[in-house]
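Q: As input, take upload-v5.txt (compact mmCIF, C-alpha atoms and all ligand atoms):
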```
# COMPACT_ATOMS: atom_id res chain seq x y z
CA MET A 7 0.00 0.00 0.00
CA PRO A 8 1.39 3.49 -0.83
CA ALA A 9 2.25 5.66 2.17
CA ILE A 10 0.46 8.67 0.66
CA GLU A 11 -2.32 8.77 -1.93
CA ILE A 12 -3.80 12.09 -3.03
CA ALA A 13 -6.47 12.42 -5.70
CA ALA A 14 -7.98 15.69 -6.93
CA LEU A 15 -7.05 17.55 -3.74
CA ARG A 16 -8.49 21.04 -3.52
CA LYS A 17 -8.08 23.86 -1.03
CA ALA A 18 -9.03 27.53 -1.18
CA TYR A 19 -8.58 30.39 1.28
CA GLY A 20 -11.32 33.02 1.18
CA GLY A 21 -12.47 31.67 -2.19
CA ARG A 22 -8.94 31.84 -3.67
CA PRO A 23 -7.81 28.34 -4.77
CA VAL A 24 -4.28 27.52 -3.60
CA VAL A 25 -4.33 23.73 -4.22
CA ARG A 26 -6.04 22.76 -7.45
CA ASP A 27 -6.85 19.14 -8.30
CA LEU A 28 -3.55 17.78 -7.05
CA ASP A 29 -2.81 14.07 -7.57
CA LEU A 30 0.20 12.37 -5.98
CA THR A 31 1.24 8.94 -4.76
CA VAL A 32 4.25 8.38 -2.53
CA GLU A 33 5.29 4.77 -2.06
CA ALA A 34 6.25 3.32 1.33
CA GLY A 35 9.97 3.74 1.93
CA GLU A 36 10.30 6.45 -0.70
CA CYS A 37 11.78 9.92 -0.21
CA PHE A 38 9.77 12.41 -2.24
CA ALA A 39 10.80 16.06 -2.59
CA LEU A 40 8.15 18.66 -3.22
CA LEU A 41 9.65 21.73 -4.86
CA GLY A 42 7.93 24.98 -5.69
CA PRO A 43 8.18 28.74 -5.34
CA ASN A 44 6.95 30.68 -2.31
CA GLY A 45 3.17 30.48 -2.06
CA ALA A 46 2.89 27.51 -4.45
CA GLY A 47 0.81 25.47 -2.00
CA LYS A 48 3.43 23.10 -0.57
CA THR A 49 2.83 23.76 3.13
CA THR A 50 -0.93 23.76 2.66
CA THR A 51 -0.73 20.36 0.98
CA VAL A 52 1.65 18.95 3.59
CA GLU A 53 -0.48 20.24 6.47
CA ILE A 54 -3.55 18.57 4.98
CA LEU A 55 -1.56 15.31 4.84
CA GLU A 56 -0.46 15.80 8.45
CA GLY A 57 -4.08 16.22 9.54
CA PHE A 58 -3.52 19.81 10.70
CA ARG A 59 -5.49 21.51 7.94
CA SER A 60 -8.89 20.76 6.40
CA ARG A 61 -9.41 20.28 2.68
CA ASP A 62 -12.21 21.43 0.42
CA GLY A 63 -12.26 18.43 -1.88
CA GLY A 64 -10.48 15.34 -3.12
CA ARG A 65 -9.38 12.07 -1.52
CA VAL A 66 -6.39 11.76 0.78
CA THR A 67 -5.02 8.59 2.36
CA VAL A 68 -1.95 8.65 4.60
CA LEU A 69 -0.69 5.36 6.05
CA GLY A 70 -4.06 3.87 5.13
CA HIS A 71 -6.16 6.52 6.89
CA ASP A 72 -7.82 9.82 6.08
CA PRO A 73 -5.81 12.46 7.98
CA ALA A 74 -8.99 14.54 8.39
CA ALA A 75 -10.00 11.90 10.96
CA ALA A 76 -6.57 11.60 12.58
CA THR A 77 -6.36 9.39 15.66
CA ARG A 78 -3.63 9.38 18.30
CA SER A 79 -2.30 5.99 17.13
CA TRP A 80 -2.11 7.29 13.53
CA ARG A 81 -0.28 10.43 14.67
CA ALA A 82 2.24 8.27 16.53
CA ARG A 83 3.23 6.74 13.18
CA THR A 84 3.99 10.11 11.62
CA GLY A 85 6.70 12.67 12.40
CA VAL A 86 6.45 16.34 11.60
CA VAL A 87 9.13 18.98 11.20
CA ALA A 88 7.01 22.04 10.51
CA GLN A 89 8.24 25.45 9.39
CA THR A 90 7.64 26.90 12.84
CA THR A 91 8.78 25.42 16.12
CA GLY A 92 6.41 24.53 18.93
CA ALA A 93 8.70 23.84 21.90
CA ALA A 94 8.45 26.09 25.00
CA LEU A 95 11.23 28.67 24.86
CA ASP A 96 12.22 28.52 28.54
CA LEU A 97 13.12 24.82 28.40
CA THR A 98 16.67 23.73 27.71
CA VAL A 99 17.36 21.54 24.70
CA ALA A 100 17.68 18.42 26.85
CA GLU A 101 14.54 19.27 28.86
CA ALA A 102 12.53 19.74 25.66
CA VAL A 103 13.75 16.45 24.21
CA ARG A 104 13.00 14.61 27.47
CA HIS A 105 9.58 16.29 27.70
CA PHE A 106 8.53 15.27 24.19
CA ALA A 107 9.90 11.75 24.72
CA GLY A 108 6.89 11.21 26.96
CA TYR A 109 4.58 11.45 23.92
CA HIS A 110 6.19 8.49 22.16
CA ALA A 111 6.01 4.75 22.82
CA ALA A 112 9.66 4.12 21.88
CA PRO A 113 11.51 7.44 21.70
CA ARG A 114 15.10 7.68 20.54
CA PRO A 115 17.52 8.06 23.45
CA THR A 116 17.88 11.74 24.40
CA ASP A 117 21.69 12.02 24.18
CA GLU A 118 21.85 10.09 20.91
CA LEU A 119 19.18 12.32 19.36
CA ILE A 120 20.79 15.57 20.52
CA ASP A 121 24.13 14.35 19.19
CA ALA A 122 22.63 13.38 15.81
CA VAL A 123 21.59 16.98 15.17
CA GLY A 124 24.83 18.46 16.50
CA LEU A 125 23.40 20.08 19.65
CA THR A 126 25.44 18.28 22.33
CA GLU A 127 27.20 21.49 23.36
CA GLN A 128 23.84 23.27 23.61
CA ALA A 129 22.06 20.50 25.58
CA GLY A 130 21.86 22.74 28.67
CA THR A 131 21.01 25.93 26.76
CA ARG A 132 17.51 27.40 26.89
CA ILE A 133 15.72 27.31 23.55
CA GLU A 134 15.25 31.10 23.61
CA ALA A 135 19.05 31.47 23.61
CA LEU A 136 19.60 29.22 20.57
CA SER A 137 20.39 30.65 17.17
CA GLY A 138 17.81 30.19 14.41
CA GLY A 139 19.80 27.35 12.91
CA GLN A 140 20.19 25.62 16.28
CA ARG A 141 16.42 25.85 16.84
CA ARG A 142 15.90 24.28 13.42
CA ARG A 143 18.15 21.40 14.44
CA LEU A 144 16.01 20.92 17.56
CA ASP A 145 12.87 20.91 15.39
CA VAL A 146 14.37 18.13 13.31
CA ALA A 147 15.32 16.17 16.43
CA LEU A 148 11.79 16.41 17.82
CA GLY A 149 10.29 15.40 14.47
CA VAL A 150 12.22 12.15 14.29
CA GLN A 151 12.14 11.40 18.02
CA GLY A 152 9.28 8.91 17.85
CA ARG A 153 10.83 6.77 15.06
CA PRO A 154 8.01 7.64 12.61
CA GLU A 155 7.09 5.44 9.66
CA LEU A 156 6.37 8.59 7.69
CA LEU A 157 8.25 11.83 8.20
CA PHE A 158 7.11 15.23 6.93
CA LEU A 159 10.02 17.64 6.58
CA ASP A 160 8.90 21.17 5.70
CA GLU A 161 12.05 23.05 4.63
CA PRO A 162 14.14 21.32 7.32
CA THR A 163 17.44 22.99 6.47
CA THR A 164 16.29 26.56 5.87
CA GLY A 165 18.57 28.80 7.94
CA LEU A 166 21.13 26.10 8.67
CA ASP A 167 24.84 26.58 8.07
CA PRO A 168 26.51 24.10 5.67
CA GLN A 169 27.59 21.87 8.56
CA GLY A 170 24.05 21.81 9.95
CA ARG A 171 22.64 20.95 6.52
CA ARG A 172 25.07 18.02 6.24
CA GLN A 173 24.06 16.78 9.70
CA VAL A 174 20.38 16.88 8.81
CA TRP A 175 21.13 15.16 5.50
CA GLU A 176 23.00 12.39 7.33
CA LEU A 177 20.08 11.98 9.69
CA VAL A 178 17.60 11.81 6.81
CA GLU A 179 19.81 9.33 4.94
CA ALA A 180 19.98 7.12 8.03
CA LEU A 181 16.18 7.25 8.38
CA ARG A 182 15.78 6.37 4.70
CA ALA A 183 18.11 3.41 5.13
CA GLN A 184 15.83 2.23 7.94
CA GLY A 185 12.84 2.35 5.57
CA THR A 186 11.21 5.60 6.73
CA THR A 187 9.00 7.25 4.12
CA ILE A 188 9.89 10.93 3.77
CA LEU A 189 7.99 13.82 2.25
CA LEU A 190 10.36 16.76 2.02
CA THR A 191 9.61 20.29 0.92
CA THR A 192 12.64 22.35 0.07
CA HIS A 193 13.92 25.29 -1.96
CA TYR A 194 17.34 23.63 -2.29
CA LEU A 195 17.57 21.56 -5.43
CA ASP A 196 20.82 19.96 -4.33
CA GLU A 197 19.02 18.79 -1.21
CA ALA A 198 16.26 17.17 -3.26
CA ALA A 199 18.84 15.55 -5.55
CA GLN A 200 20.94 14.33 -2.65
CA LEU A 201 18.16 12.86 -0.52
CA CYS A 202 15.20 11.92 -2.64
CA ASP A 203 14.16 9.18 -5.08
CA ARG A 204 11.59 11.37 -6.80
CA VAL A 205 10.83 15.04 -7.08
CA GLY A 206 7.66 16.93 -7.87
CA VAL A 207 7.24 20.59 -8.78
CA ILE A 208 4.17 22.44 -7.59
CA THR A 209 3.24 25.90 -8.76
CA HIS A 210 -0.06 27.79 -8.64
CA GLY A 211 -1.38 24.87 -6.56
CA GLN A 212 -0.79 22.29 -9.30
CA LEU A 213 1.80 19.57 -9.69
CA ILE A 214 3.43 20.33 -13.03
CA GLU A 215 6.15 17.67 -12.99
CA THR A 216 6.79 14.43 -11.13
CA ALA A 217 9.83 12.34 -11.95
CA PRO A 218 12.55 10.13 -10.53
CA THR A 219 15.34 12.49 -9.45
CA ALA A 220 17.70 11.06 -12.11
CA GLU A 221 15.14 11.77 -14.85
CA PHE A 222 13.87 15.12 -13.57
CA GLY A 223 13.19 17.53 -16.39
CA GLY A 224 12.68 14.90 -19.10
CA ARG A 225 13.63 16.40 -22.44
CA LEU A 226 14.77 19.61 -20.73
CA ARG A 227 17.62 17.51 -19.30
CA ASP A 228 18.48 16.38 -22.82
CA SER A 229 18.97 19.92 -24.02
CA ALA A 230 22.62 20.97 -24.25
CA THR A 231 24.49 24.18 -24.86
CA VAL A 232 27.36 24.16 -27.33
CA ARG A 233 29.69 27.08 -26.66
CA TRP A 234 32.88 28.07 -28.44
CA ARG A 235 34.94 31.09 -29.31
CA ASP A 236 34.99 32.47 -32.83
CA GLY A 237 37.36 35.33 -33.66
CA GLY A 238 37.44 36.43 -30.01
CA GLN A 239 33.64 36.34 -29.66
CA VAL A 240 31.84 33.74 -27.51
CA ARG A 241 29.21 31.89 -29.56
CA GLU A 242 26.52 29.70 -28.02
CA VAL A 243 23.79 27.41 -29.34
CA ARG A 244 21.22 25.49 -27.31
CA THR A 245 20.28 22.20 -28.93
CA PRO A 246 18.99 18.69 -28.22
CA THR A 247 21.62 17.36 -30.69
CA PRO A 248 25.02 18.76 -29.65
CA THR A 249 26.98 16.15 -31.61
CA ALA A 250 25.39 17.30 -34.85
CA VAL A 251 26.18 20.93 -33.99
CA VAL A 252 29.83 20.05 -33.29
CA ARG A 253 29.98 18.07 -36.53
CA ASP A 254 28.74 21.13 -38.45
CA LEU A 255 31.22 23.33 -36.64
CA LEU A 256 34.09 21.00 -37.47
CA ALA A 257 33.04 20.91 -41.11
CA ALA A 258 33.24 24.70 -41.13
CA THR A 259 36.64 24.80 -39.40
CA PRO A 260 39.49 24.25 -41.86
CA ASP A 261 42.20 23.56 -39.23
CA GLY A 262 39.91 21.20 -37.27
CA GLU A 263 40.44 23.09 -33.98
CA ILE A 264 37.41 24.80 -32.44
CA GLU A 265 38.53 27.37 -29.91
CA ASP A 266 37.28 26.88 -26.29
CA LEU A 267 34.67 24.31 -27.31
CA GLU A 268 32.34 23.27 -24.49
CA ILE A 269 29.22 21.14 -24.35
CA LEU A 270 27.19 21.97 -21.27
CA ARG A 271 24.10 20.38 -19.75
CA PRO A 272 21.51 22.37 -17.77
CA THR A 273 21.77 22.15 -14.01
CA LEU A 274 18.86 20.90 -11.92
CA GLU A 275 18.20 24.51 -10.96
CA GLU A 276 18.04 25.66 -14.57
CA ILE A 277 15.64 22.83 -15.41
CA TYR A 278 13.50 23.75 -12.42
CA LEU A 279 13.41 27.43 -13.36
CA ALA A 280 12.59 26.53 -16.97
CA LEU A 281 9.66 24.40 -15.79
CA LEU A 282 8.34 27.27 -13.69
CA GLU A 283 8.74 29.74 -16.55
CA LYS A 284 6.88 27.38 -18.85
CA ALA A 285 4.09 26.97 -16.30
CA ASP A 286 3.88 30.76 -15.89
CA ARG A 287 3.67 31.18 -19.67
CA ALA A 288 0.97 28.49 -19.84
CA ALA A 289 -0.98 30.26 -17.08
CA ALA A 290 -0.72 33.51 -19.03
CA GLY A 291 -1.88 32.05 -22.36
CA PRO A 292 -1.44 29.26 -24.92
CA VAL A 293 2.17 28.14 -25.67
CA SER A 294 3.77 25.92 -28.27
CA ASP A 295 4.45 22.38 -27.06
CA ASP A 296 6.42 21.37 -30.12
CA PRO A 297 9.70 19.76 -28.93
CA VAL A 298 11.48 20.50 -32.21
CA SER A 299 10.54 24.06 -32.96
CA ASP A 300 11.33 25.46 -29.50
CA ASP A 301 14.38 25.14 -27.34
CA PRO A 302 12.86 23.60 -24.21
CA VAL A 303 15.13 25.31 -21.68
CA SER A 304 15.37 28.81 -23.09
CA GLY A 305 12.14 28.91 -25.04
CA ASP A 306 14.26 30.18 -27.92
CA PRO A 307 13.67 28.97 -31.49
CA ALA A 308 15.60 25.83 -32.44
CA PRO A 309 19.08 26.72 -33.73
CA ASP A 310 19.60 27.08 -37.44
CA THR A 311 22.85 25.16 -37.88
CA ARG A 312 23.54 26.97 -41.14
CA SER A 313 24.33 30.06 -39.08
CA LEU A 314 27.06 28.21 -37.17
CA ARG A 315 29.62 28.57 -39.90
CA ARG A 316 32.37 30.97 -39.06
CA GLY A 317 31.72 34.46 -40.19
CA ALA A 318 27.96 33.89 -40.54
CA ALA A 319 25.71 36.32 -38.71
CA ALA A 320 24.54 34.91 -35.41
CA GLY A 321 20.81 34.83 -34.68
CA PRO A 322 19.43 35.76 -31.27
CA SER A 323 19.38 32.17 -30.01
CA ASP A 324 22.99 31.66 -31.10
CA LEU A 325 24.19 34.49 -28.95
CA ALA A 326 21.97 33.97 -25.93
CA GLN A 327 23.63 35.15 -22.72
CA PRO A 328 25.88 32.44 -21.25
CA ARG A 329 24.28 31.16 -18.02
CA ALA A 330 27.06 28.96 -16.62
CA PRO A 331 25.47 25.53 -16.94
CA ARG A 332 27.47 22.50 -15.76
CA ALA A 333 30.29 21.52 -18.10
CA VAL A 334 30.32 17.89 -19.19
CA LEU A 335 32.95 18.20 -21.87
CA ARG A 336 35.68 20.75 -22.30
CA SER A 337 38.28 20.96 -25.00
CA GLY A 338 40.13 23.47 -27.05
CA SER A 339 42.96 25.91 -26.60
N1 LIG B 401 -4.26 30.38 6.69
C1 LIG B 401 -4.20 30.99 5.52
N2 LIG B 401 -5.13 31.90 5.17
C2 LIG B 401 -5.13 32.52 3.97
N3 LIG B 401 -4.21 32.29 3.02
C3 LIG B 401 -3.26 31.38 3.30
C4 LIG B 401 -3.20 30.69 4.55
N4 LIG B 401 -2.14 29.84 4.53
C5 LIG B 401 -1.57 30.01 3.32
N5 LIG B 401 -2.22 30.92 2.59
C6 LIG B 401 -1.90 31.33 1.21
O1 LIG B 401 -1.96 30.17 0.39
C7 LIG B 401 -0.93 30.20 -0.59
C8 LIG B 401 -0.09 28.93 -0.46
O2 LIG B 401 0.62 28.99 0.77
P1 LIG B 401 1.59 27.83 1.23
O3 LIG B 401 2.08 28.20 2.60
O4 LIG B 401 0.90 26.52 1.09
O5 LIG B 401 2.75 27.94 0.16
P2 LIG B 401 4.20 27.29 0.14
O6 LIG B 401 4.37 26.66 -1.19
O7 LIG B 401 4.39 26.41 1.33
O8 LIG B 401 5.13 28.57 0.25
P3 LIG B 401 6.57 28.78 0.97
O9 LIG B 401 7.58 28.16 0.06
O10 LIG B 401 6.68 30.27 1.00
O11 LIG B 401 6.51 28.16 2.33
C9 LIG B 401 -0.14 31.49 -0.34
O12 LIG B 401 -0.60 32.44 -1.26
C10 LIG B 401 -0.49 31.88 1.09
O13 LIG B 401 -0.45 33.26 1.24
```
As a first step, turn the structure in this file into structure tokens.

A:
Amino acid sequence: MPAIEIAALRKAYGGRPVVRDLDLTVEAGECFALLGPNGAGKTTTVEILEGFRSRDGGRVTVLGHDPAAATRSWRARTGVVAQTTGAALDLTVAEAVRHFAGYHAAPRPTDELIDAVGLTEQAGTRIEALSGGQRRRLDVALGVQGRPELLFLDEPTTGLDPQGRRQVWELVEALRAQGTTILLTTHYLDEAAQLCDRVGVITHGQLIETAPTAEFGGRLRDSATVRWRDGGQVREVRTPTPTAVVRDLLAATPDGEIEDLEILRPTLEEIYLALLEKADRAAAGPVSDDPVSDDPVSGDPAPDTRSLRRGAAAGPSDLAQPRAPRAVLRSGS
């Protein structure tokens, strides 16, 4: 049985829809990352799944139950790291952890848990005296304290320093290895790529893309940028067929040496931003969906390889601003 099943979920605030016919299935043991811009509807969706927010329509099943009718035993099987902390500020870290241990049947040992989130030195510090990042670490500790089957992580590493992020990642990886299902919302694409099996992108309350992390972006991922230098000028073409572009370039290069030739693939972040731009364009009006006639990342027209020859005038897509995608091949002088 999937850990989470959502069908046609709807939610509006004051008549304004913020979750619109959302469908999603998360399998047991899976880590799923929900990405999306501010206000996209991520927290609203997650809070409905947690049983903390009502829905207006659709079917939702979490660990076999409707969270709208959450029971104590069902809650004990889920862990929540929300965006805002709930622990009393005058407790020390250790007191808070011991206090919340009482809510769980088999809590993780206090010292082990505090150590796992890197708060051992702050165990005797009052929560009100912790930095924002240290409080976030405590939130994470309290969310995983009850060894949940399903863990909701709402932007768990926002505000953490790089070391804190790594510690939370290690904790999440350990939980995954133990079979915990994880639903993670994040603005960090590297975090989604590092931790999760699948990612989904939500914008305007709709899921516009769901894919295994390795396949995220579909044909956007297949788009490449061929960049080279021609007479001191940087030239650039975006294309789904970089080999053909390089072949044309070589044919037009008498000495067989293309200066500063690079073939670059879009980063996860570029793919994500391209998906959002496309969704924004679709929301604003009809767009072309033809994979050949449009460059899927830039939205530019497909390159005319005839214009690649040295000395030929470059069209607008040929000279698009370089955007520093990840290099996968580099050659040249
Ligand atoms: N209780 C509420 N009453 C009215 N509007 C709300 C309420 N909670 C959220 N919203 C609105 O619903 C929309 C979606 O909010 P939500 O918090 O789900 O987005 P999000 O994707 O989690 O954003 P972020 O990345 O900023 O956390 C936003 O426009 C927000 O202002």

Q: Separation of atom CA of Arg61 of chain A and atom CA of Thr192 of chain A, in Å?

A: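 We find that atom CA of Arg61 of chain A and atom CA of Thr192 of chain A lie 22.3 Å from each other.
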
Q: Would you pick out the contacts of Thr191 of chain A at 6 Å or less, using all atoms listed in the file, so that residues sharing its chain but fewer than 6 positions from it are not included, and give the list as a list of chain:residue names?

A: A:Ala39, A:Leu40, A:Leu41, A:Asp160, A:Glu161

Q: Which protein, DNA or RNA residues are at most 12 Å from (-3.4, 33.1, -12.8) in the file's coordinates when you count all atoms listed in the file, listed as an MDAnalysis selection string?

A: chainID A and resid 22:24 26 46 209:212 285:291

Q: Set the distance at 12 Å and use all atoms listed in the file: which residues neighbour Leu148 of chain A once local chain neighbours fewer than 4 positions away are removed? I'd like the list as a PyMOL selection string.

A: chain A and resi 84-88+91-93+99-110+113-116+119-120+122-123+141-144+152-154+157-159+162

Q: Write a file of the just-selected residues containing C-alpha atoms, as an mmCIF file, in the frame of the given file.

A:
```
data_model
loop_
_atom_site.group_PDB
_atom_site.id
_atom_site.type_symbol
_atom_site.label_atom_id
_atom_site.label_comp_id
_atom_site.auth_asym_id
_atom_site.auth_seq_id
_atom_site.Cartn_x
_atom_site.Cartn_y
_atom_site.Cartn_z
ATOM 1 C CA THR A 84 3.990 10.110 11.620
ATOM 2 C CA GLY A 85 6.700 12.670 12.400
ATOM 3 C CA VAL A 86 6.450 16.340 11.600
ATOM 4 C CA VAL A 87 9.130 18.980 11.200
ATOM 5 C CA ALA A 88 7.010 22.040 10.510
ATOM 6 C CA THR A 91 8.780 25.420 16.120
ATOM 7 C CA GLY A 92 6.410 24.530 18.930
ATOM 8 C CA ALA A 93 8.700 23.840 21.900
ATOM 9 C CA VAL A 99 17.360 21.540 24.700
ATOM 10 C CA ALA A 100 17.680 18.420 26.850
ATOM 11 C CA GLU A 101 14.540 19.270 28.860
ATOM 12 C CA ALA A 102 12.530 19.740 25.660
ATOM 13 C CA VAL A 103 13.750 16.450 24.210
ATOM 14 C CA ARG A 104 13.000 14.610 27.470
ATOM 15 C CA HIS A 105 9.580 16.290 27.700
ATOM 16 C CA PHE A 106 8.530 15.270 24.190
ATOM 17 C CA ALA A 107 9.900 11.750 24.720
ATOM 18 C CA GLY A 108 6.890 11.210 26.960
ATOM 19 C CA TYR A 109 4.580 11.450 23.920
ATOM 20 C CA HIS A 110 6.190 8.490 22.160
ATOM 21 C CA PRO A 113 11.510 7.440 21.700
ATOM 22 C CA ARG A 114 15.100 7.680 20.540
ATOM 23 C CA PRO A 115 17.520 8.060 23.450
ATOM 24 C CA THR A 116 17.880 11.740 24.400
ATOM 25 C CA LEU A 119 19.180 12.320 19.360
ATOM 26 C CA ILE A 120 20.790 15.570 20.520
ATOM 27 C CA ALA A 122 22.630 13.380 15.810
ATOM 28 C CA VAL A 123 21.590 16.980 15.170
ATOM 29 C CA ARG A 141 16.420 25.850 16.840
ATOM 30 C CA ARG A 142 15.900 24.280 13.420
ATOM 31 C CA ARG A 143 18.150 21.400 14.440
ATOM 32 C CA LEU A 144 16.010 20.920 17.560
ATOM 33 C CA GLY A 152 9.280 8.910 17.850
ATOM 34 C CA ARG A 153 10.830 6.770 15.060
ATOM 35 C CA PRO A 154 8.010 7.640 12.610
ATOM 36 C CA LEU A 157 8.250 11.830 8.200
ATOM 37 C CA PHE A 158 7.110 15.230 6.930
ATOM 38 C CA LEU A 159 10.020 17.640 6.580
ATOM 39 C CA PRO A 162 14.140 21.320 7.320
#
```

Q: Kindly compile the residues surrounding ligand LIG 401 (chain B) within 6 Å, counting only C-alpha atoms and all ligand atoms, and format them as JSON, numbers by chain.

A: {"A": [19, 24, 42, 43, 44, 45, 46, 47, 48, 49, 50]}

Q: Please, could you write that set of residues out with C-alpha atoms as a short mmCIF file (atom, residue, chain, number, x, y, z; two decimals), in the frame of the given file?

A:
```cif
data_model
loop_
_atom_site.label_atom_id
_atom_site.label_comp_id
_atom_site.auth_asym_id
_atom_site.auth_seq_id
_atom_site.Cartn_x
_atom_site.Cartn_y
_atom_site.Cartn_z
CA TYR A 19 -8.58 30.39 1.28
CA VAL A 24 -4.28 27.52 -3.60
CA GLY A 42 7.93 24.98 -5.69
CA PRO A 43 8.18 28.74 -5.34
CA ASN A 44 6.95 30.68 -2.31
CA GLY A 45 3.17 30.48 -2.06
CA ALA A 46 2.89 27.51 -4.45
CA GLY A 47 0.81 25.47 -2.00
CA LYS A 48 3.43 23.10 -0.57
CA THR A 49 2.83 23.76 3.13
CA THR A 50 -0.93 23.76 2.66
#
```

Q: List the neighbours of Asp72 of chain A out to 10 Å using all atoms listed in the file; skip same-chain residues closer than 2 positions along the sequence, and give me the result as a PyMOL selection string.

A: chain A and resi 10-11+54-57+65-70+74-77+80

Q: Using only C-alpha atoms, I'd like a table of the residues in segment 259-295 of chain A that come within 8 Å of segment 231-251 of chain A; for each, show the closest atom pair and its distance in Å rounded to one decimal, ordered by chain and ascending number, as a tab-separated table.

A:
```
residue	atom	partner	partner_atom	distance
A:Ile264	CA	A:Trp234	CA	6.9
A:Glu265	CA	A:Arg235	CA	5.2
A:Asp266	CA	A:Trp234	CA	5.0
A:Leu267	CA	A:Trp234	CA	4.3
A:Glu268	CA	A:Arg233	CA	5.1
A:Ile269	CA	A:Val232	CA	4.6
A:Leu270	CA	A:Thr231	CA	5.0
A:Arg271	CA	A:Thr231	CA	6.4
A:Pro272	CA	A:Thr231	CA	7.9
```

Q: Would you save the residues of that selection, restricted to C-alpha atoms, as a CSV table (one decimal), keeping the file's coordinate frame?

A:
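Writing done, so here's part-v3.csv:
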```
chain,number,residue,atom,x,y,z
A,264,ILE,CA,37.4,24.8,-32.4
A,265,GLU,CA,38.5,27.4,-29.9
A,266,ASP,CA,37.3,26.9,-26.3
A,267,LEU,CA,34.7,24.3,-27.3
A,268,GLU,CA,32.3,23.3,-24.5
A,269,ILE,CA,29.2,21.1,-24.4
A,270,LEU,CA,27.2,22.0,-21.3
A,271,ARG,CA,24.1,20.4,-19.8
A,272,PRO,CA,21.5,22.4,-17.8
```

Q: Could you pull segment 178-222 of chain A out of the block above and save it with C-alpha atoms, as an mmCIF file, in the first residue's frame?

A:
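result-v6.cif, freshly written:
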```cif
data_model
loop_
_atom_site.group_PDB
_atom_site.id
_atom_site.type_symbol
_atom_site.label_atom_id
_atom_site.label_comp_id
_atom_site.auth_asym_id
_atom_site.auth_seq_id
_atom_site.Cartn_x
_atom_site.Cartn_y
_atom_site.Cartn_z
ATOM 1 C CA VAL A 178 17.599 11.812 6.811
ATOM 2 C CA GLU A 179 19.807 9.333 4.939
ATOM 3 C CA ALA A 180 19.981 7.120 8.030
ATOM 4 C CA LEU A 181 16.177 7.247 8.377
ATOM 5 C CA ARG A 182 15.779 6.369 4.704
ATOM 6 C CA ALA A 183 18.108 3.414 5.130
ATOM 7 C CA GLN A 184 15.827 2.227 7.935
ATOM 8 C CA GLY A 185 12.843 2.349 5.572
ATOM 9 C CA THR A 186 11.208 5.598 6.731
ATOM 10 C CA THR A 187 8.996 7.252 4.117
ATOM 11 C CA ILE A 188 9.885 10.928 3.773
ATOM 12 C CA LEU A 189 7.989 13.824 2.246
ATOM 13 C CA LEU A 190 10.361 16.764 2.022
ATOM 14 C CA THR A 191 9.613 20.288 0.920
ATOM 15 C CA THR A 192 12.642 22.354 0.066
ATOM 16 C CA HIS A 193 13.917 25.287 -1.960
ATOM 17 C CA TYR A 194 17.335 23.634 -2.291
ATOM 18 C CA LEU A 195 17.569 21.557 -5.435
ATOM 19 C CA ASP A 196 20.823 19.960 -4.333
ATOM 20 C CA GLU A 197 19.023 18.792 -1.212
ATOM 21 C CA ALA A 198 16.264 17.174 -3.259
ATOM 22 C CA ALA A 199 18.837 15.545 -5.551
ATOM 23 C CA GLN A 200 20.944 14.329 -2.648
ATOM 24 C CA LEU A 201 18.163 12.863 -0.521
ATOM 25 C CA CYS A 202 15.197 11.917 -2.639
ATOM 26 C CA ASP A 203 14.164 9.178 -5.078
ATOM 27 C CA ARG A 204 11.595 11.366 -6.798
ATOM 28 C CA VAL A 205 10.826 15.038 -7.076
ATOM 29 C CA GLY A 206 7.658 16.927 -7.869
ATOM 30 C CA VAL A 207 7.239 20.588 -8.777
ATOM 31 C CA ILE A 208 4.173 22.435 -7.589
ATOM 32 C CA THR A 209 3.241 25.899 -8.760
ATOM 33 C CA HIS A 210 -0.059 27.788 -8.644
ATOM 34 C CA GLY A 211 -1.376 24.872 -6.560
ATOM 35 C CA GLN A 212 -0.793 22.290 -9.298
ATOM 36 C CA LEU A 213 1.803 19.574 -9.690
ATOM 37 C CA ILE A 214 3.426 20.331 -13.034
ATOM 38 C CA GLU A 215 6.152 17.672 -12.986
ATOM 39 C CA THR A 216 6.794 14.432 -11.129
ATOM 40 C CA ALA A 217 9.827 12.345 -11.954
ATOM 41 C CA PRO A 218 12.550 10.134 -10.532
ATOM 42 C CA THR A 219 15.341 12.492 -9.451
ATOM 43 C CA ALA A 220 17.696 11.062 -12.106
ATOM 44 C CA GLU A 221 15.136 11.773 -14.854
ATOM 45 C CA PHE A 222 13.870 15.118 -13.574
#
```
